[in-house]
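Report on the following structure.
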Amino acid sequence: MTARRRFRLALLRRTRATRLRDVDAELRFHIEERVDELVALGMARPQAEAEVRARFGDVAGVRAECEAIDAAGERTRSRREWWGAAARQARLAARALARRPAFALVAIGTLALGIGAATAVFSLVHGVLLRPLPFPEPERLLAVTHTTAVPGVPEVQQSDAGFLLYERRATAFERTGVHRATEVNLVATAGGAMQAERLVAAGVSASLFPTLRATALQGRTFVAGEDRRGARPVVVLSEGLWRRRFGGDPSVVGRQVVVDGSPREVVGIMPARFQYPSASTQLWYPLPFDAATASPGNFNYTQVARLKPGVTPERAVAELARILPRVIEEYPGDVPPAMWAQARLAPVVAPLREAIVGRVRGLLWVLLGGAGLVLLIACANVASLFLVRAEEGQRELAVRSALGAGRAAAAQYLAEAAVVGVLGSTGGVALAVAGVRLLRALPSGVDLPRLSEVGVDGPVLLFALAAAAFATVAASALPLLRARGVPVAAVLRDAGRAATAGVRRQSARKALVVAQVALALVLVAASGLMARSFARLRDVAPGFDPARVLAVRIALPPSSYRDAASVARFHDRLLRELDALPGVRDAALTSWLPLSEDHNNGTVFVEDRPMVGDAVPPVHEQVHVSRDWFATVGTPLLAGRTFAPQDPARASTEVIVSRAFAQRYWPGQSAIGKRVRAGLVSPWLTVVGVVGDVHLAALDRPAEEALYLPYHAFERDTAWAPTSVTLALRAAGDPAALVAAVRRTVHALDPAVPTYDERPMADTLRAAAARTRFTTLLLGVASAVALLLGAVGMYGVMAYGVSLRQREIGVRLALGARPLDVGRMISRQGVALAAAGVAIGLAGALAVTRFLRGLLYGVSPTDPLTLGATCALLLVVALLASWLPARRAAALPPVEALRRD
Amino acid sequence: MGSTELDLVRGTFDLLVLKALSWGPMHGLGVLRWIERASQAQLQVTEGALYPALHRLEQRGWLDAEWGVTERNREAKFYRLTPEGRHALTAELSKWTRYTEAVGLVLAAPRA
């Protein structure tokens, strides 16, 4: 066997053509030998050839089969070899990293921090904003609202009349339903003496569940007709309530429970994942809709609709706009047609998901942006660490490149980055899991919708993976690119003079530091703006004095308190008894606790400002309060008096207005004695007092122009008084200590009346700034991390730069330079770098902080004070980070410095 | 043609190929000739089936192949057992022996 052709080495890179050539050669040999055999036996060559081919069979088929087998085998082998090489490479990399535990730990920890932060916030964004609603075909679900031309009322929800009209006439919808969030008292069994419980509930149309295509866990949802007046009273419970109150007993379906004093049959249980309209909704009951009494102006319902397949939202809006004007003909109610026309209602639809998460969208994107910046800074930091590694290994890399093993050396860098990436992202995911748990447990005060759906799941892990891949590439790309770009000869030649060459090669790391400073500045500026908003918000005078005031909500079951007089009598007795409690200075009640969700407004007519024609009357906030309300919560009485003592059985015609209200209608005059009407059919009410302005709805909105009515004011012909009110008690000492006594007092008067939501007013005030505080807190954490990473990066660059210039520093010191001069020279460089970063970051911040606008209060996104302070802070941090290595360098004895290198 | 039948034939055939090569490197035609000779011409191997078998065994790592020149100065691909191939041959042989013994026992068994 001479002239051997080694085959195996070439195997991995064989092409299909060479494989076929080899198979051909092999088969040709076989056939020619056979033919020769037959010819030697005396057969003529042509016959011999025919004979051999016949015996062999399908030559072409065998040829193709052999080639295919070889190809498959080669593929498997090369795959196995690739993975083997990768594993070997990873082991090598892990060993190399283990030899530098400080480098490895800092790199892995930094990445974990960046990936963890980004992943945790992304899981929030994904769970709350991006994940489809948990209903079938959620993209066809819309929220339907209306814009109006009424001053101060840009948007209204849906009316019962509007719902009935759309349900009958709109052809664009497959189904449509409405709901209204309420609270109810629940007693578990009919006639039972169990204590009542206050629950968040939703009154719904029977079509709501079919519109969402939600089905019950046990039993059924509502059927058509159950939402008409006079239908059998039924109720559907949430799985949570069912398990908590009934131990998950399936026989509850079919039993009676008492809701707001009336027995209702439980017909179904909704699964826990059904959280609509909100996560806290615990039971659903059908609202009665009655075409005879429906009113087009009764905008108390939230509407959802499911589009028919293939119908666009635009077409639906066009159709609704066409049919809406008929509502006033078909359901006249008590709205004058001319006034209706003035209101110029126009239907608007939005994807249901947008409607649910709209309030927090800006907040979440800002947080994700912040976390993204932290990730970028972390990547820059790790890249910077790898650059040092690469520079230290430059000589080795150059030698290996010269020997033709450049690829292998490059692969080792990549492998090290990959190992750091894998470990860093594993740590990051663990951090994210912990972070999400923390976020969910954090008493943020921000009612994040769908928070229960948030978790580290498939798509979130995919995000973490992408972040890790990005980080790995970012961390390793720069050193690799640089290693390739440096001529081998130059490195080998420079190796003896590492100082100068090293300084030149520092430029990439300097660029990274500039980027880090710039990114950190954007974050710090954003959190600075949020912090200033928070401070401003805390400085807002709410219009009341929350100190030592306890608020307690109570609700009277309408079935046992049917008329205003009985409601007023109960409240009167309660207030008297509360006043007598030891430790209570004052007791009062209100239908609308400031800064809570008890929002109530309505049209107001002012006697000396007659409306022209059928103009739409202005809308103002209306609050029902007891006489002592203002004194109890510390809202000053500016003029006149508070309400006169009143016989609960008689209507009051007194009203108190806020200062803003008085100033709007009677500027420069006394408001006392003027008359207003709260609604078209209300009697004229006389202003008896003017009180200080209160921020009723929100701290970050102007104080309301409000009317205060006595809590047993009578409206229209039917006597009406609020059954769900908030008690306020000013305590002599700690308000929280009063809770038990208040509960006992209410319970003694009527055990069926639950007390709930007991909390000091100060908490309510704090909660009003919750979103700002939450954003401030999270951005603050992010910017602290960013500052720390930025400082570490800066310190690293400076320290490394100093180590490269040790010799030069030694020479300078030996020639008589003072340590101070050397220190100054070094830190001047650091400050120059920081200044470049600050300049770039400032431009970035100006571009980016406008996204904060919706979250800011009383601060411009370009607030010069905040931005200036931020720049100063970053410069100081940079100065510190560069001064430390400089001081160390200067302190070294010159001889020592000269000896090093 | 049922697949089990084919597999059985192929498995047996692989064993014969391995056995042939256990005596030293051979080209495909050599393997064929050896089997014919050893079986005293009782086993007629389909020539077309031989080459896929050789390639499969080579890709599995049981055979190694080298190009060489025959006594008559022709280029031919010579196959050789690898150490793994030798292990496989031993294992296959013992399996085959157990199999034939078991079949023999069954065929020779009296009526129970």
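Residue numbering restarts at 1 for every chain of the structure tokens, chains are lettered A, B, ... in their displayed order, and ligands are numbered from 1 as they appear.
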
ask   = Residues of chain A within 10 Å of chain B, using only C-alpha atoms, as a VMD selection string?
value = chain A and resid 1 to 8 22 to 23 25 to 34 52 to 53 55 to 74 76 to 77

Could you write out, as a PDB file with C-alpha atoms, in the first residue's frame, all the residues of range 76-305 of chain A that DSSP marks as alpha helix (DSSP H)?
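Below you can see result30.pdb, which holds the result:
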```pdb
ATOM      1  CA  THR A  76     -23.099  14.264  13.173  1.00  0.00           C
ATOM      2  CA  ARG A  77     -19.398  14.086  13.742  1.00  0.00           C
ATOM      3  CA  SER A  78     -18.756  17.755  13.099  1.00  0.00           C
ATOM      4  CA  ARG A  79     -21.645  18.699  15.395  1.00  0.00           C
ATOM      5  CA  ARG A  80     -20.262  16.485  18.124  1.00  0.00           C
ATOM      6  CA  GLU A  81     -16.801  17.905  17.625  1.00  0.00           C
ATOM      7  CA  TRP A  82     -18.136  21.452  17.747  1.00  0.00           C
ATOM      8  CA  TRP A  83     -19.901  20.862  21.045  1.00  0.00           C
ATOM      9  CA  GLY A  84     -16.881  19.043  22.382  1.00  0.00           C
ATOM     10  CA  ALA A  85     -14.708  21.987  21.429  1.00  0.00           C
ATOM     11  CA  ALA A  86     -17.184  24.410  22.984  1.00  0.00           C
ATOM     12  CA  ALA A  87     -17.264  22.432  26.218  1.00  0.00           C
ATOM     13  CA  ARG A  88     -13.475  22.280  26.258  1.00  0.00           C
ATOM     14  CA  GLN A  89     -13.333  25.986  25.571  1.00  0.00           C
ATOM     15  CA  ALA A  90     -15.826  26.690  28.360  1.00  0.00           C
ATOM     16  CA  ARG A  91     -13.816  24.569  30.798  1.00  0.00           C
ATOM     17  CA  LEU A  92     -10.673  26.447  29.842  1.00  0.00           C
ATOM     18  CA  ALA A  93     -12.482  29.754  30.224  1.00  0.00           C
ATOM     19  CA  ALA A  94     -13.914  28.766  33.594  1.00  0.00           C
ATOM     20  CA  ARG A  95     -10.444  27.783  34.770  1.00  0.00           C
ATOM     21  CA  ALA A  96      -8.985  31.053  33.490  1.00  0.00           C
ATOM     22  CA  LEU A  97     -11.716  32.989  35.289  1.00  0.00           C
ATOM     23  CA  ALA A  98     -11.193  31.018  38.473  1.00  0.00           C
ATOM     24  CA  PRO A 101     -11.689  35.513  41.118  1.00  0.00           C
ATOM     25  CA  ALA A 102     -11.918  39.278  41.648  1.00  0.00           C
ATOM     26  CA  PHE A 103     -12.274  39.978  37.940  1.00  0.00           C
ATOM     27  CA  ALA A 104     -14.766  37.135  37.517  1.00  0.00           C
ATOM     28  CA  LEU A 105     -16.880  38.098  40.519  1.00  0.00           C
ATOM     29  CA  VAL A 106     -17.055  41.774  39.613  1.00  0.00           C
ATOM     30  CA  ALA A 107     -17.916  40.994  35.983  1.00  0.00           C
ATOM     31  CA  ILE A 108     -20.531  38.363  36.864  1.00  0.00           C
ATOM     32  CA  GLY A 109     -22.007  40.455  39.670  1.00  0.00           C
ATOM     33  CA  THR A 110     -22.246  43.554  37.491  1.00  0.00           C
ATOM     34  CA  LEU A 111     -23.955  41.643  34.707  1.00  0.00           C
ATOM     35  CA  ALA A 112     -26.316  39.952  37.144  1.00  0.00           C
ATOM     36  CA  LEU A 113     -27.290  43.359  38.500  1.00  0.00           C
ATOM     37  CA  GLY A 114     -27.942  44.781  35.049  1.00  0.00           C
ATOM     38  CA  ILE A 115     -29.768  41.747  33.699  1.00  0.00           C
ATOM     39  CA  GLY A 116     -31.690  41.294  36.953  1.00  0.00           C
ATOM     40  CA  ALA A 117     -32.960  44.864  36.974  1.00  0.00           C
ATOM     41  CA  ALA A 118     -33.921  44.829  33.312  1.00  0.00           C
ATOM     42  CA  THR A 119     -35.591  41.427  33.597  1.00  0.00           C
ATOM     43  CA  ALA A 120     -37.566  42.283  36.725  1.00  0.00           C
ATOM     44  CA  VAL A 121     -38.936  45.461  35.205  1.00  0.00           C
ATOM     45  CA  PHE A 122     -39.543  43.756  31.881  1.00  0.00           C
ATOM     46  CA  SER A 123     -41.611  41.103  33.657  1.00  0.00           C
ATOM     47  CA  LEU A 124     -43.769  43.943  35.002  1.00  0.00           C
ATOM     48  CA  VAL A 125     -44.074  45.516  31.574  1.00  0.00           C
ATOM     49  CA  ASP A 160     -77.909  52.680  30.580  1.00  0.00           C
ATOM     50  CA  ALA A 161     -79.862  54.166  27.666  1.00  0.00           C
ATOM     51  CA  GLY A 162     -76.759  54.227  25.468  1.00  0.00           C
ATOM     52  CA  PHE A 163     -75.992  50.627  26.325  1.00  0.00           C
ATOM     53  CA  LEU A 164     -79.532  49.498  25.496  1.00  0.00           C
ATOM     54  CA  LEU A 165     -79.370  51.427  22.213  1.00  0.00           C
ATOM     55  CA  TYR A 166     -76.006  49.980  21.158  1.00  0.00           C
ATOM     56  CA  GLU A 167     -77.032  46.506  22.210  1.00  0.00           C
ATOM     57  CA  ARG A 168     -80.107  46.717  19.999  1.00  0.00           C
ATOM     58  CA  ARG A 169     -78.789  48.642  17.017  1.00  0.00           C
ATOM     59  CA  LEU A 208     -70.817  40.996  30.080  1.00  0.00           C
ATOM     60  CA  PHE A 209     -69.507  37.459  30.585  1.00  0.00           C
ATOM     61  CA  PRO A 210     -70.424  36.293  27.041  1.00  0.00           C
ATOM     62  CA  THR A 211     -68.808  39.448  25.635  1.00  0.00           C
ATOM     63  CA  LEU A 212     -65.531  38.551  27.355  1.00  0.00           C
ATOM     64  CA  GLU A 239     -63.130  31.717  43.401  1.00  0.00           C
ATOM     65  CA  GLY A 240     -61.231  33.586  46.118  1.00  0.00           C
ATOM     66  CA  LEU A 241     -64.410  34.543  48.004  1.00  0.00           C
ATOM     67  CA  TRP A 242     -65.837  31.055  47.513  1.00  0.00           C
ATOM     68  CA  ARG A 243     -62.764  29.427  49.023  1.00  0.00           C
ATOM     69  CA  ARG A 244     -62.391  31.972  51.815  1.00  0.00           C
ATOM     70  CA  ARG A 245     -65.993  32.217  52.964  1.00  0.00           C
ATOM     71  CA  PHE A 246     -67.403  28.855  51.884  1.00  0.00           C
TER      72      PHE A 246
END
```

ask   = How many Å lie between CA of Val187 in chain A and CA of Val259 in chain A, rounded to one decimal?
value =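 We find that CA of Val187 in chain A and CA of Val259 in chain A lie 6.5 Å from each other.
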
key: Given only C-alpha atoms as the counted atoms, nearest of A:Pro250, A:Gly543, A:Pro332, A:Pro313 to Pro702 in chain A   =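 Closest residue, counting only C-alpha atoms: A:Gly543.
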
task = Have a look at A:Thr849, A:Ser295, A:Ala890, A:Leu581 and name the one nearest to Ala740 in chain A; count only C-alpha atoms.
result =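 Looking only at the distances to Ala740 in chain A, the closest residue turns out to be A:Leu581.
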
inquiry  = DSSP on the backbone, strand (DSSP E) only: what residues of range 566-814 of chain A does that give? Format it as a PyMOL selection string.
reply    = chain A and resi 584-590+601-603+605-606+619-625+637-640+654-658+675-677+685-691+706-710+724-731+755-760

request  = Can you work out the spacing between CA of Arg315 in chain A and CA of Leu142 in chain A in Å, to one decimal?
outcome  =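 Computing the Euclidean distance for CA of Arg315 in chain A and CA of Leu142 in chain A yields 12.8 Å.
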
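Between Leu63 in chain B and the candidates B:Arg37, B:Arg98, B:Arg111, B:Lys19, the tightest atom-to-atom separation, counting only C-alpha atoms, involves B:Lys19.
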